[in-house]
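To keep things clear, I will list the structure first and then write my remarks on it.
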Amino acid sequence: MNKWRVLAAAAVVALGSALAVPVELKVALVVGDKPLVMGQTYTNPAGNTYEVNLLRFYITQVALVKRDGSEVRADGLHLVEFSPTTPQELTVMKMNVPAGEYAGIRFSIGVPRELNHLDVVHQKAPLDMDSGMYWSWNPGYIFYRFEGKYVKGTTPTPFLMHMGTDSLMQNIQLADLEQYSTSIKVPSSGIRVNLDVSKVFASGLGGQAYDLNKPEYAQVHGGPVSQQVYLNLLSAWSLAKQR
Amino acid sequence: MVLGSLAGMVLAASAVYVVKVPDHFPPMPIPADNAMSAAKVELGHQLFYDKRLSGDNSVACASCHKPEFAFSDGGKAVSTGVKGRRGTRNAPTLTDVGYRSRLFWEGGSPRLEAQAVGPLTNPNEMDSDPTKLVARLKAIPQYRAAFAAVFPDGLSMLNLTKAISAFERTLVSSNSPWDRYREGDQTALSVVALRGMKIFFSEKGDCFHCHQGQDFTDDSLRNTALTTVYSDTGLAPITSKDQDVGKFKVPTLRNVELTGPYMHDGSIKTLRDVVEHYNSGGAANLNADPLMRPLGLSEAEVNDLVAFLKALTDHSFTQDPRFGLPK
């Protein structure tokens, strides 16, 4: 290769890295417009009184989206865990992206098909067996694991919702390319995304209420209810006010 | 009491362990990432019988895989897990399970280590959370020491499943009357069983196309026309293919006399009724295996077949102290 081309390439790399700035992606759990407090009770549309004790999910295929629809992608698959011992807002990943104004962000919740069916014995974290997300009797991993308690009669009773399988990988697009209602500026103190955990309960099957008193809603391990939850959660994500 | 022998295990950690199989068996396949050792097998043996592996300390692997029933659940169609919760499928035998290339009734798990996570975490079975389970076991000094002796990285969910799998790979049954007959003892099979053997391996009886090899299974998945509508759809949820609805794994027939009731859901009570099911050709089902058709076996031929199937029972396996309740 001619040495001028090498130098030119080096200059582009140097210029690119000079403009890229580190930025954190932060996810905050909310219920409606209020921060979620783990252990505090809430009421869902079916009238169940519930509290949240655990939320664990995979996030991957993160990209900042420009106004022209092009993307700046960030590599990696990250397992995020919220529990009573974690803050309600967590930094889920750090990336380096060129400074500027973006229309928004997109990401996927789950494990890509090409990683979802490998030999678990050979996988490193976060896809190892000790992640607590490996699903032996359904193929692949649990993508979204949501657990808590609800009051059955007068007794606090565990509920859980485990969603996974390739067809239920969620692609979340928080970039409005038509009406410009979303915007992210970099540098930034963090790109903030809200996840309204209560949306899990938005609807049950066929317009039924998602009533935790019914066993099919209290213990969800894939199956038809998890397909409904997939739909319920599509509107659970939103861009928070960027500070 | 259960942990009494764990202390002695530490000394034996490096001892090589070879799974002994007879000449008419292939060597036991041992994955390179989970080499056998005497200490690992013994640790797995202890774990297999330990109810503390379940969420509420009430259920062990051995609770539903009982040695006296060739590691199946002794007459129960489906098993009872923690808090009296019932599953939906019949607990399969672990006879020669180390040879199986697919696990679970729908064949969805490729290896024992990965499979073991299922019953450990299934809410209807042992209902353990991996993180909490590892923390619970780490609080038991004998387990901490035993894992440290066997695995450089100590106690983890992965190493727990590796130890249990190592024990399972030792569960070889090869001393039935049929095996003795194979090895040259002409008196090992009764006249009735010998007649049944001929039917078994004939195109008329046609058992052998699926139930073949030393364990009488080709490890394939097939729809055996058990019913017209399958409430448990078997392989289909994994492949998303209509033609896989109702496909389940061809089970081994070794020790089949001891592993009833039969089929993936335990819906057929006796061995004779299973043979009658195949003799009838089964229910109308679009996905039925092409081999399913009325066989036209006489009453006497059905009896002969059942006698042959009972000649696959190995009582030395079910009574082997190496596999029973650990001392």
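We name chains A, B, ... following the order of the structure tokens; residues begin at 1 in each chain, and ligands are numbered from 1 as shown.
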
Residues near range 294-306 of chain B, anyone? I mean within 8 Å using only C-alpha atoms, not counting same-chain ones fewer than 5 positions away, as a short mmCIF file (atom, residue, chain, number, x, y, z; two decimals) with C-alpha atoms, in the first residue's frame.
data_model
loop_
_atom_site.label_atom_id
_atom_site.label_comp_id
_atom_site.auth_asym_id
_atom_site.auth_seq_id
_atom_site.Cartn_x
_atom_site.Cartn_y
_atom_site.Cartn_z
CA VAL B 192 -41.79 -67.39 25.01
CA ALA B 193 -39.31 -64.51 25.13
CA LEU B 194 -37.38 -66.00 22.20
CA ARG B 195 -40.59 -66.07 20.15
CA GLY B 196 -41.19 -62.45 21.19
CA MET B 197 -37.65 -61.55 20.13
CA ILE B 199 -41.51 -60.78 16.39
CA PHE B 200 -39.69 -57.74 17.73
CA LYS B 204 -44.54 -57.88 11.12
CA GLY B 205 -43.88 -56.73 14.69
CA LEU B 271 -46.74 -52.78 28.86
CA ARG B 272 -49.36 -55.00 27.28
CA VAL B 275 -48.07 -53.24 22.61
CA GLU B 276 -51.81 -53.24 21.88
CA TYR B 278 -48.95 -50.29 18.35
CA ASN B 279 -50.83 -53.38 17.21
CA SER B 280 -53.91 -51.21 16.57
CA GLY B 281 -51.99 -48.67 14.48
CA GLY B 282 -52.96 -45.86 16.82
#

Give me, as CSV, each residue of chain B that comes within 8 Å of chain A, together with its shortest interatomic pair and the distance in Å at one decimal, counting only C-alpha atoms, with rows ordered by chain and rising residue number.
residue,atom,partner,partner_atom,distance
B:Phe104,CA,A:Trp137,CA,7.7
B:Gly108,CA,A:Pro139,CA,6.7
B:Ser109,CA,A:Ser136,CA,6.8
B:Glu113,CA,A:Val121,CA,7.2
B:Ala114,CA,A:Ser136,CA,6.3
B:Gln115,CA,A:Ser136,CA,5.7
B:Ala116,CA,A:Ser136,CA,7.6
B:Val117,CA,A:Ser136,CA,5.6
B:Gly118,CA,A:Ser136,CA,4.6
B:Asp129,CA,A:Gly132,CA,6.9
B:Pro130,CA,A:Gly132,CA,5.3
B:Thr131,CA,A:Gly132,CA,6.4
B:Ser156,CA,A:Asp130,CA,6.7
B:Met157,CA,A:Asp130,CA,5.3
B:Leu158,CA,A:Met129,CA,5.7
B:Ile238,CA,A:Pro139,CA,6.6

### Query
Mind checking DSSP for range 57-221 of chain A and telling me the strand (DSSP E) residues as JSON, numbers by chain?
{"A": [57, 58, 59, 60, 61, 62, 63, 64, 65, 71, 72, 73, 74, 75, 76, 77, 78, 79, 80, 81, 82, 89, 90, 91, 92, 93, 94, 95, 96, 97, 98, 100, 101, 102, 104, 105, 106, 107, 108, 109, 142, 143, 144, 145, 146, 147, 148, 149, 150, 151, 152, 155, 156, 157, 158, 159, 160, 161, 162, 163, 164, 170, 171, 172, 173, 174, 175, 184, 185, 186, 191, 192, 193, 194, 195, 196, 219, 220, 221]}

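Here CA of Ala163 in chain B stands at a distance of 22.0 Å from CA of Asp73 in chain B.
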
Pick out the residues sitting within 8 Å of Ala218 in chain A, and hand them over as a JSON list (two decimals) with C-alpha atoms, in the first residue's frame; count only C-alpha atoms, and ignore anything fewer than 4 positions along from it in its own chain.
[["chain", "number", "residue", "atom", "x", "y", "z"],
["A", 158, "PRO", "CA", -45.09, -14.97, 44.24],
["A", 159, "PHE", "CA", -45.75, -14.22, 40.58],
["A", 160, "LEU", "CA", -43.31, -14.47, 37.71],
["A", 161, "MET", "CA", -43.20, -13.80, 34.00],
["A", 211, "ASP", "CA", -55.35, -11.28, 36.50],
["A", 212, "LEU", "CA", -52.63, -12.72, 38.73],
["A", 213, "ASN", "CA", -55.26, -14.72, 40.62],
["A", 214, "LYS", "CA", -55.40, -16.98, 37.57]]

### Message
Restricting the calculation to only C-alpha atoms: of A:Arg106, A:Arg56, A:Lys94, A:Lys149, which residue gets closest to Val72 in chain A?
### Response
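With only C-alpha atoms as the atom set, the closest residue is A:Arg106.
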
### Message
Ranking A:Lys66, A:Arg243, A:Lys124, A:Arg113 by minimum distance to Ile191 in chain A and counting only C-alpha atoms, which one comes first?
### Response
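Closest candidate: A:Arg243.
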
#### Entry: Shell of 7 Å around Trp105 in chain B, only C-alpha atoms, local chain residues under 6 positions omitted, as JSON, numbers by chain
{"B": [248, 249, 264]}

Saved selection, atoms kept: N, CA and C atoms, as a tab-separated table (two decimals), in the first residue's frame:
chain	number	residue	atom	x	y	z
B	248	PHE	N	-42.38	-37.06	19.73
B	248	PHE	CA	-41.65	-37.25	20.98
B	248	PHE	C	-40.54	-38.25	20.75
B	249	LYS	N	-39.64	-38.31	21.71
B	249	LYS	CA	-38.46	-39.14	21.56
B	249	LYS	C	-38.79	-40.63	21.69
B	264	HIS	N	-45.18	-40.30	26.67
B	264	HIS	CA	-44.65	-39.04	27.21
B	264	HIS	C	-45.49	-38.52	28.38

### Message
So, with only C-alpha atoms as the atoms that count, which of B:Ala288, B:Ala236, B:Val16, B:Val274 lies closest to Thr224 in chain B?
### Response
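The answer is B:Ala288, which sits nearest to Thr224 in chain B.
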
### Task
Could you tell me how far CA of Ser70 in chain A lies from CA of Pro98 in chain A, in Å and to one decimal?
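So the answer is 13.0 Å.
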
### Message
as a PyMOL selection string, please: every residue in range 77-266 of chain B that a backbone DSSP assignment puts in helix (DSSP H, G or I).
### Response
chain B and resi 82-84+97-99+112-121+130-138+141-150+157-168+177-182+191-200+236-239+242-244+256-258

### Query
In terms of the shortest atom-to-atom distance over only C-alpha atoms, which of A:Val220, A:Leu29, A:Ala236, A:Met169 is closest to Ser108 in chain A?
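Closest to Ser108 in chain A of all the choices is A:Met169.
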
### Task
Rounded to one decimal place, report the CA of Lys247 in chain B-CA of Leu221 in chain B distance in Å.
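It comes out at 5.4 Å.
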
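Of the residues under consideration (A:Gln170, A:Ser203, A:Ser198, A:Thr49), A:Thr49 shows the shortest atom-to-atom contact distance to Thr157 in chain A when counting only C-alpha atoms.
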
#### Entry: range 101-103 of chain A environment, 10 Å, only C-alpha atoms, sequence neighbours closer than 5 positions dropped, as a list in words
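Close residues of range 101-103 of chain A: Leu64, Val65, Lys66, Arg67, Asp68, Gly69, Ser70, Glu71, Val72, Leu174, Ala175, Asp176, Leu177, Glu178, Tyr180, Ser181, Thr182, Ser183, Ile184, Lys185, Val186 and Pro187 of chain A.
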
### Query
If you count only C-alpha atoms, which residues fall within 8 Å of range 31-35 of chain A, apart from same-chain ones fewer than 5 positions away, as a list in words?
Gln88, Asp196, Val197 and Ser198 of chain A

Next, write the just-selected residues to a file, as a PDB file, in the first residue's frame, keeping C-alpha atoms as the atom set.
ATOM      1  CA  GLN A  88     -33.947   2.300  40.245  1.00  0.00           C
ATOM      2  CA  ASP A 196     -42.653   1.182  32.570  1.00  0.00           C
ATOM      3  CA  VAL A 197     -42.695  -2.235  34.232  1.00  0.00           C
ATOM      4  CA  SER A 198     -46.438  -2.054  34.903  1.00  0.00           C
TER       5      SER A 198
END
